[in-house]
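Let me begin by presenting the structure, written as structure tokens, before commenting on it.
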Amino acid sequence: MRHVTLRDLEVSRIGLGAMGMSHGYTGSGTDDAESIRTVHRALELGVTLIDTAEIYGPYVNEELLGRALQGRRDDVVLATKFGLVSHTGGGEWNLDSGPANIRTAVEGSLKRLGTDHIDLYYQHRVDPNTPIEDTAGAVRELIDQGKVRAFGLSEAGPDTIRRAHAVQPVTAVQSEYSLWTRGVEERVLPVLRELNIGLVPFSPLGRGFLTGAVRSPDQFDENDFRRDNPRFTGENFRHNLALADDVAAVAAEVGATPAQVALAWLLAQGEDIVPIPGTKRVSRVEENAAADAVVLTAGQLDKLGSMPPAAGDTHTAAQAQMLER
Ligand SMILES: NC(=O)c1ccc[n+]([C@@H]2O[C@H](COP(=O)([O-])OP(=O)(O)OC[C@H]3O[C@@H](n4cnc5c(N)ncnc54)[C@H](OP(=O)(O)O)[C@@H]3O)[C@@H](O)[C@H]2O)c1
């Protein structure tokens with residue numbers, strides 16, 4: 001596994017998203033033993049960047065990682081997120097990036113993760129009620145105290161990124177980016193490059209869709225959040241199957257899997273881009289990590305890059321309200 005540097009943080013070329021081990025997807029939380037084996041296998045394969053958040057579960061995903069990383073903390077660049085649980089009264093799924101909330105949140109995350117420091121601490125969503133300078137200042141204090149090594153933002157727009165960065169340099173912005181969600185390219189990525197901030201694409205496999213493994217919404221269990229996602233419902237779903245087929249066609253040409261091709265396309269967009277594909281299965285972390293060695297020709301990159309746009313928004317209307325676009 002190659003390594004790259006996101007501003008000042010050395011990470012593996014491909015990371016691991018832990019969310020689905022506990023939260024959001026079909027089968028989440030049903031096999032912690034396999035999830036822990038998946039984390040261990042990732043480390044063996046040289047994957048270092050592991051991604052979680054306090055809201056995943058909530059809390060249980062961090063606890064799971066805490067168990068998985070016992071005795072292995074130094075092998076990992078551990079990333080977690082605050083700001084979607086308000087400990088000052090608002091509760092879960094309430095935006096709160098106020099300094100008081102961050103100071104409480106960090107103690108909980110450190111405890112659950114079984115560590116004395118978080119390598120990359122992201123604001124999960126921009127909080128319109130807290131000036132970003134106050135949020136950045138609070139994280140800066142945690143960095144001064146040694147509880148956090150680096151600061152990140154998620155789904156933040158260019159203005160917020162600049163303002164935060166002026167108070168505390170931002171190491172990485174984590175936003176959705178994949179073959180079928182390319183919104184960051186126009187306004188966000190140029191600012192990241194100007195300021196030397198890394199990009200960590202979340203849902204790099206299109207929430208599993210681009211792998212070709214999702215062929216019908218009937219595959220989703222009741223708690224799977226893709227059930228309400230516009231891209232995965234009704235006519236949009238049927239339309240989008242053609243995109244998964246396009247990725248599969250290139251994969252057949254390359255002799256790789258569609259998941260590997262989707263990741264290799266992201267890697268080809270720049271050395272400042274480190275995707276965090278999510279899986280709770282050993283076999284898939286092996287497959288995804290091997291994408292580091294997949295090379296696409298200029299023609300294949302072109303073909304993938306000119307795929308038609310996906311039908312349907314990538315978020316529900318309620319989720320979209322929390323994004324800076
Ligand atoms: N910052 C944010 O707001 C935000 C939002 C969403 C996600 N994230 C982070 O980003 C990470 C990745 O995103 P994601 O999990 O939403 O989406 P993703 O990585 O695009 O896709 C994950 C889905 O694909 C399946 N999958 C993984 N590898 C596969 C393969 N090789 N073949 C077929 N299917 C495969 C997984 O199922 P199995 O688990 O069953 O393999 C899971 O259902 C998350 O884990 C989380 O840490 C952050």
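Going through the structure tokens in order, the chains are called A, B, and so on, while each chain numbers its residues from 1 and the ligands are numbered from 1 in the order shown.
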
| task | List all protein, DNA and RNA residues that have an atom no more than 8 Å from any atom of ligand 1, counting only C-alpha atoms and all ligand atoms, and report them as a ChimeraX atom specification. | result | /A:16-21,25-28,50-53,81,124-125,154-155,174-176,178,201-214,257-260,275-281,283-285,287-288

| query | Could you pull the residues within 10 Å of A:Val139, counting only C-alpha atoms, minus those fewer than 3 positions along the same chain, as a PyMOL selection string? | reply | chain A and resi 99+102-103+106+121-123+133-136+142-145+147-152+167-168

Output C-alpha atoms for every residue in that selection, as a PDB file, in the first residue's frame.
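The result, written out as out31.pdb:
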```
ATOM      1  CA  PRO A  99     -16.834  25.181  21.771  1.00  0.00           C
ATOM      2  CA  ILE A 102     -16.708  20.125  21.251  1.00  0.00           C
ATOM      3  CA  ARG A 103     -14.985  20.015  24.642  1.00  0.00           C
ATOM      4  CA  VAL A 106     -13.909  14.947  22.488  1.00  0.00           C
ATOM      5  CA  TYR A 121     -10.896  15.425  14.220  1.00  0.00           C
ATOM      6  CA  TYR A 122     -13.548  16.573  11.768  1.00  0.00           C
ATOM      7  CA  GLN A 123     -16.490  18.854  12.187  1.00  0.00           C
ATOM      8  CA  GLU A 133     -13.898  30.655  13.733  1.00  0.00           C
ATOM      9  CA  ASP A 134     -15.207  29.596  17.169  1.00  0.00           C
ATOM     10  CA  THR A 135     -15.249  25.940  16.106  1.00  0.00           C
ATOM     11  CA  ALA A 136     -11.744  26.143  14.670  1.00  0.00           C
ATOM     12  CA  LEU A 142      -7.508  20.552  21.686  1.00  0.00           C
ATOM     13  CA  ILE A 143      -4.472  20.420  19.405  1.00  0.00           C
ATOM     14  CA  ASP A 144      -2.509  22.545  21.887  1.00  0.00           C
ATOM     15  CA  GLN A 145      -3.530  20.117  24.641  1.00  0.00           C
ATOM     16  CA  LYS A 147      -5.824  15.558  22.417  1.00  0.00           C
ATOM     17  CA  VAL A 148      -6.092  16.104  18.659  1.00  0.00           C
ATOM     18  CA  ARG A 149      -3.397  16.105  15.989  1.00  0.00           C
ATOM     19  CA  ALA A 150      -5.176  17.573  12.976  1.00  0.00           C
ATOM     20  CA  PHE A 151      -8.367  19.429  12.074  1.00  0.00           C
ATOM     21  CA  GLY A 152     -10.863  18.459   9.383  1.00  0.00           C
ATOM     22  CA  VAL A 167      -7.786  30.171  12.517  1.00  0.00           C
ATOM     23  CA  GLN A 168      -6.489  26.596  12.532  1.00  0.00           C
TER      24      GLN A 168
END
```

| request: Determine, counting only C-alpha atoms, which protein, DNA and RNA residues have an atom within 6 Å of an atom of stretch 180-190 of chain A; residues of the same chain fewer than 2 positions away are not included. Present the result as number ranges by chain. | output: A: 158, 177-178, 192-193, 310

| said: Residues within 12 Å of A:Thr297, please, as a PyMOL selection string. Count only C-alpha atoms; anything in the same chain fewer than 2 positions from it doesn't count. | reply: chain A and resi 250-251+253-254+261+264-265+268+294-295+299-304

Saved selection, atoms kept: C-alpha atoms, as an mmCIF file, in the first residue's frame:
```cif
data_model
loop_
_atom_site.group_PDB
_atom_site.id
_atom_site.type_symbol
_atom_site.label_atom_id
_atom_site.label_comp_id
_atom_site.auth_asym_id
_atom_site.auth_seq_id
_atom_site.Cartn_x
_atom_site.Cartn_y
_atom_site.Cartn_z
ATOM 1 C CA VAL A 250 -14.435 -0.857 -17.839
ATOM 2 C CA ALA A 251 -13.652 -3.283 -15.019
ATOM 3 C CA GLU A 253 -11.540 -4.508 -19.773
ATOM 4 C CA VAL A 254 -9.035 -3.832 -16.956
ATOM 5 C CA VAL A 261 -12.183 0.682 -10.827
ATOM 6 C CA ALA A 264 -8.752 3.723 -9.025
ATOM 7 C CA TRP A 265 -10.579 6.529 -10.836
ATOM 8 C CA ALA A 268 -6.130 9.093 -10.505
ATOM 9 C CA VAL A 294 -5.047 -0.857 -10.423
ATOM 10 C CA VAL A 295 -3.919 1.410 -13.238
ATOM 11 C CA GLY A 299 -8.996 6.180 -22.451
ATOM 12 C CA GLN A 300 -10.543 4.328 -19.533
ATOM 13 C CA LEU A 301 -10.335 7.400 -17.283
ATOM 14 C CA ASP A 302 -11.993 9.396 -20.022
ATOM 15 C CA LYS A 303 -14.767 6.886 -20.466
ATOM 16 C CA LEU A 304 -15.446 6.794 -16.721
#
```

| query | Using only C-alpha atoms, which of the listed residues (A:Leu95, A:Ile14, A:Ala105, A:Ile55) sits closest to A:Ala293? | reply |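 Looking at the shortest contact to A:Ala293, the residue is A:Ile14.
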
| said: Show me, as an NGL selection string, the residues that have an atom within 8 Å of A:Leu64 when counting only C-alpha atoms, minus same-chain residues fewer than 4 positions from it. | reply: :A and (32 or 36 or 60 or 68 or 113)

| said: Taking 5 positions as the minimum chain separation for residues in the same chain, which residues sit within 8 Å of stretch 75-78 of chain A when counting only C-alpha atoms? Answer as a list in words. | reply: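 The residues that qualify are Val11, Leu43, Thr48, Leu49, Ile50, Asp51, Ile118, Asp119 and Leu120 of chain A.
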
| request: Rank A:Asp8, A:Glu34, A:Gly89, A:Asp246 by their smallest atom-to-atom distance to A:Pro169, using only C-alpha atoms, and report the top residue only. | output: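 Closest to A:Pro169, using only C-alpha atoms: A:Asp8.
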
| Atomic distance atom CA of A:Arg226 - atom CA of A:Gln319, expressed in Å with one decimal |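 We find that atom CA of A:Arg226 and atom CA of A:Gln319 lie 12.4 Å from each other.
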
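Near A:Gly234, within 10 Å and counting only C-alpha atoms, sit Ser216, Pro217, Pro230, Arg231, Phe237, Arg238, His239 and Gly312 of chain A, not including residues fewer than 3 positions from it in the same chain.
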
| said: Can you tell me, as a PyMOL selection string, which residues in stretch 67-275 of chain A count as alpha helix (DSSP H) by DSSP? | reply: chain A and resi 67-68+99-113+132-144+158-167+184-195+234-254+258-267

How would the residues just picked look written out with C-alpha atoms as an mmCIF file, in the first residue's frame?
```
data_model
loop_
_atom_site.group_PDB
_atom_site.id
_atom_site.type_symbol
_atom_site.label_atom_id
_atom_site.label_comp_id
_atom_site.auth_asym_id
_atom_site.auth_seq_id
_atom_site.Cartn_x
_atom_site.Cartn_y
_atom_site.Cartn_z
ATOM 1 C CA ARG A 67 -12.084 -2.777 20.905
ATOM 2 C CA ALA A 68 -10.610 -3.523 17.490
ATOM 3 C CA PRO A 99 -16.834 25.181 21.771
ATOM 4 C CA ALA A 100 -18.599 23.812 24.876
ATOM 5 C CA ASN A 101 -20.046 20.932 22.874
ATOM 6 C CA ILE A 102 -16.708 20.125 21.251
ATOM 7 C CA ARG A 103 -14.985 20.015 24.642
ATOM 8 C CA THR A 104 -17.561 17.475 25.875
ATOM 9 C CA ALA A 105 -17.650 15.469 22.643
ATOM 10 C CA VAL A 106 -13.909 14.947 22.488
ATOM 11 C CA GLU A 107 -13.777 13.384 25.946
ATOM 12 C CA GLY A 108 -16.457 10.862 24.969
ATOM 13 C CA SER A 109 -14.755 9.967 21.714
ATOM 14 C CA LEU A 110 -11.361 9.511 23.386
ATOM 15 C CA LYS A 111 -12.893 7.243 25.995
ATOM 16 C CA ARG A 112 -14.828 5.091 23.528
ATOM 17 C CA LEU A 113 -11.867 4.823 21.184
ATOM 18 C CA ILE A 132 -16.679 28.605 12.134
ATOM 19 C CA GLU A 133 -13.898 30.655 13.733
ATOM 20 C CA ASP A 134 -15.207 29.596 17.169
ATOM 21 C CA THR A 135 -15.249 25.940 16.106
ATOM 22 C CA ALA A 136 -11.744 26.143 14.670
ATOM 23 C CA GLY A 137 -10.542 27.909 17.820
ATOM 24 C CA ALA A 138 -11.949 25.136 20.018
ATOM 25 C CA VAL A 139 -10.209 22.456 17.940
ATOM 26 C CA ARG A 140 -7.026 24.485 18.054
ATOM 27 C CA GLU A 141 -7.133 24.346 21.858
ATOM 28 C CA LEU A 142 -7.508 20.552 21.686
ATOM 29 C CA ILE A 143 -4.472 20.420 19.405
ATOM 30 C CA ASP A 144 -2.509 22.545 21.887
ATOM 31 C CA PRO A 158 -15.265 27.252 0.076
ATOM 32 C CA ASP A 159 -15.954 30.245 2.303
ATOM 33 C CA THR A 160 -16.186 28.152 5.479
ATOM 34 C CA ILE A 161 -13.014 26.298 4.533
ATOM 35 C CA ARG A 162 -11.095 29.549 4.100
ATOM 36 C CA ARG A 163 -12.379 31.052 7.343
ATOM 37 C CA ALA A 164 -11.655 27.915 9.380
ATOM 38 C CA HIS A 165 -8.219 27.542 7.839
ATOM 39 C CA ALA A 166 -7.302 31.089 8.829
ATOM 40 C CA VAL A 167 -7.786 30.171 12.517
ATOM 41 C CA VAL A 184 -16.723 19.018 -5.118
ATOM 42 C CA GLU A 185 -14.806 19.380 -8.366
ATOM 43 C CA GLU A 186 -16.102 22.788 -9.340
ATOM 44 C CA ARG A 187 -15.736 24.997 -6.266
ATOM 45 C CA VAL A 188 -14.275 23.006 -3.379
ATOM 46 C CA LEU A 189 -11.355 21.100 -4.854
ATOM 47 C CA PRO A 190 -9.686 24.234 -6.328
ATOM 48 C CA VAL A 191 -9.745 25.886 -2.880
ATOM 49 C CA LEU A 192 -8.349 22.764 -1.227
ATOM 50 C CA ARG A 193 -5.507 22.723 -3.710
ATOM 51 C CA GLU A 194 -4.809 26.414 -3.276
ATOM 52 C CA LEU A 195 -4.592 25.975 0.510
ATOM 53 C CA GLY A 234 -38.154 4.064 -8.119
ATOM 54 C CA GLU A 235 -37.331 5.095 -11.641
ATOM 55 C CA ASN A 236 -34.044 6.714 -10.540
ATOM 56 C CA PHE A 237 -32.775 3.361 -9.332
ATOM 57 C CA ARG A 238 -33.572 1.685 -12.644
ATOM 58 C CA HIS A 239 -31.978 4.535 -14.601
ATOM 59 C CA ASN A 240 -28.819 4.463 -12.476
ATOM 60 C CA LEU A 241 -28.235 0.751 -13.079
ATOM 61 C CA ALA A 242 -26.796 1.757 -16.457
ATOM 62 C CA LEU A 243 -24.031 3.666 -14.625
ATOM 63 C CA ALA A 244 -23.079 0.606 -12.595
ATOM 64 C CA ASP A 245 -23.021 -1.320 -15.880
ATOM 65 C CA ASP A 246 -20.662 1.288 -17.393
ATOM 66 C CA VAL A 247 -18.231 0.832 -14.498
ATOM 67 C CA ALA A 248 -18.515 -2.942 -14.832
ATOM 68 C CA ALA A 249 -17.682 -2.723 -18.545
ATOM 69 C CA VAL A 250 -14.435 -0.857 -17.839
ATOM 70 C CA ALA A 251 -13.652 -3.283 -15.019
ATOM 71 C CA ALA A 252 -13.979 -6.228 -17.399
ATOM 72 C CA GLU A 253 -11.540 -4.508 -19.773
ATOM 73 C CA VAL A 254 -9.035 -3.832 -16.956
ATOM 74 C CA PRO A 258 -16.022 -2.507 -10.464
ATOM 75 C CA ALA A 259 -15.277 -1.437 -6.864
ATOM 76 C CA GLN A 260 -11.566 -1.335 -7.675
ATOM 77 C CA VAL A 261 -12.183 0.682 -10.827
ATOM 78 C CA ALA A 262 -14.346 3.209 -8.952
ATOM 79 C CA LEU A 263 -11.530 3.644 -6.418
ATOM 80 C CA ALA A 264 -8.752 3.723 -9.025
ATOM 81 C CA TRP A 265 -10.579 6.529 -10.836
ATOM 82 C CA LEU A 266 -10.580 8.569 -7.604
ATOM 83 C CA LEU A 267 -6.885 7.862 -6.988
#
```

| said: Calculated over only C-alpha atoms, which of the candidates A:Asp31, A:Asp127, A:Glu271, A:Asp313 has the smallest distance to A:Phe232? | reply: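 Using only C-alpha atoms, the shortest distance to A:Phe232 belongs to A:Asp313.
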
| Between atom CA of A:Leu65 and atom CA of A:Ser22, distance in Å (one decimal) | 10.2 Å

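Atom CA of A:Ala317 sits 22.3 Å away from atom CA of A:Asp218.
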